[in-house]
Amino acid sequence: MSNRRALRLILIGGVLVVAGWFAIVLMTMRILPLSYLLAFLSYACSLGGLAAGLLGLVMFVRLR
């Protein structure tokens with residue numbers, strides 16, 4: 001494994017967390033419609049991004 005793979009996971013995780021947060025903000029502002037499916041997808045996006053970012057961080061620290 002390389003540092004590039006770890007950094008890519010950290011970047012993907014950050015993008016997923018921001019996308020999930022952005023969807024929740026848009027639902028709160030009533031720009032996106034409120035639905036259970038969209039709320040679940042934004043939660044899953046945030047949780048998956050957090051997991052991917054933490055995995056990438058652990059890989060990065062272990063390789064250094």
# chains A, B, ... in the order shown; residues from 1 in each chain; ligands from 1
$ residues_around --residues "range 50-59 of chain A" --least-positions-apart "3" --cutoff "12 Å" --atoms "only C-alpha atoms" --output "list in words"
Met1, Ser2, Asn3, Arg4, Arg5, Ala6, Leu7, Arg8, Leu9, Ile10, Leu11, Ile12, Gly13, Gly14, Val15, Leu16, Val17, Val18, Ala19, Gly20, Trp21, Tyr43, Ala44, Cys45, Ser46, Leu47, Arg62, Leu63 and Arg64 of chain A
$ select_by_dssp --residues "chain A" --states "helix (DSSP H, G or I)" --output "JSON, numbers by chain"
{"A": [3, 4, 5, 6, 7, 8, 9, 10, 11, 12, 13, 14, 15, 16, 17, 18, 19, 20, 21, 22, 23, 24, 25, 26, 27, 28, 36, 37, 38, 39, 40, 41, 42, 43, 44, 45, 46, 47, 48, 49, 50, 51, 52, 53, 54, 55, 56, 57, 58, 59, 60, 61, 62, 63]}
$ atom_distance --atom1 "CA of Val25 in chain A" --atom2 "CA of Ser42 in chain A"
10.2 Å
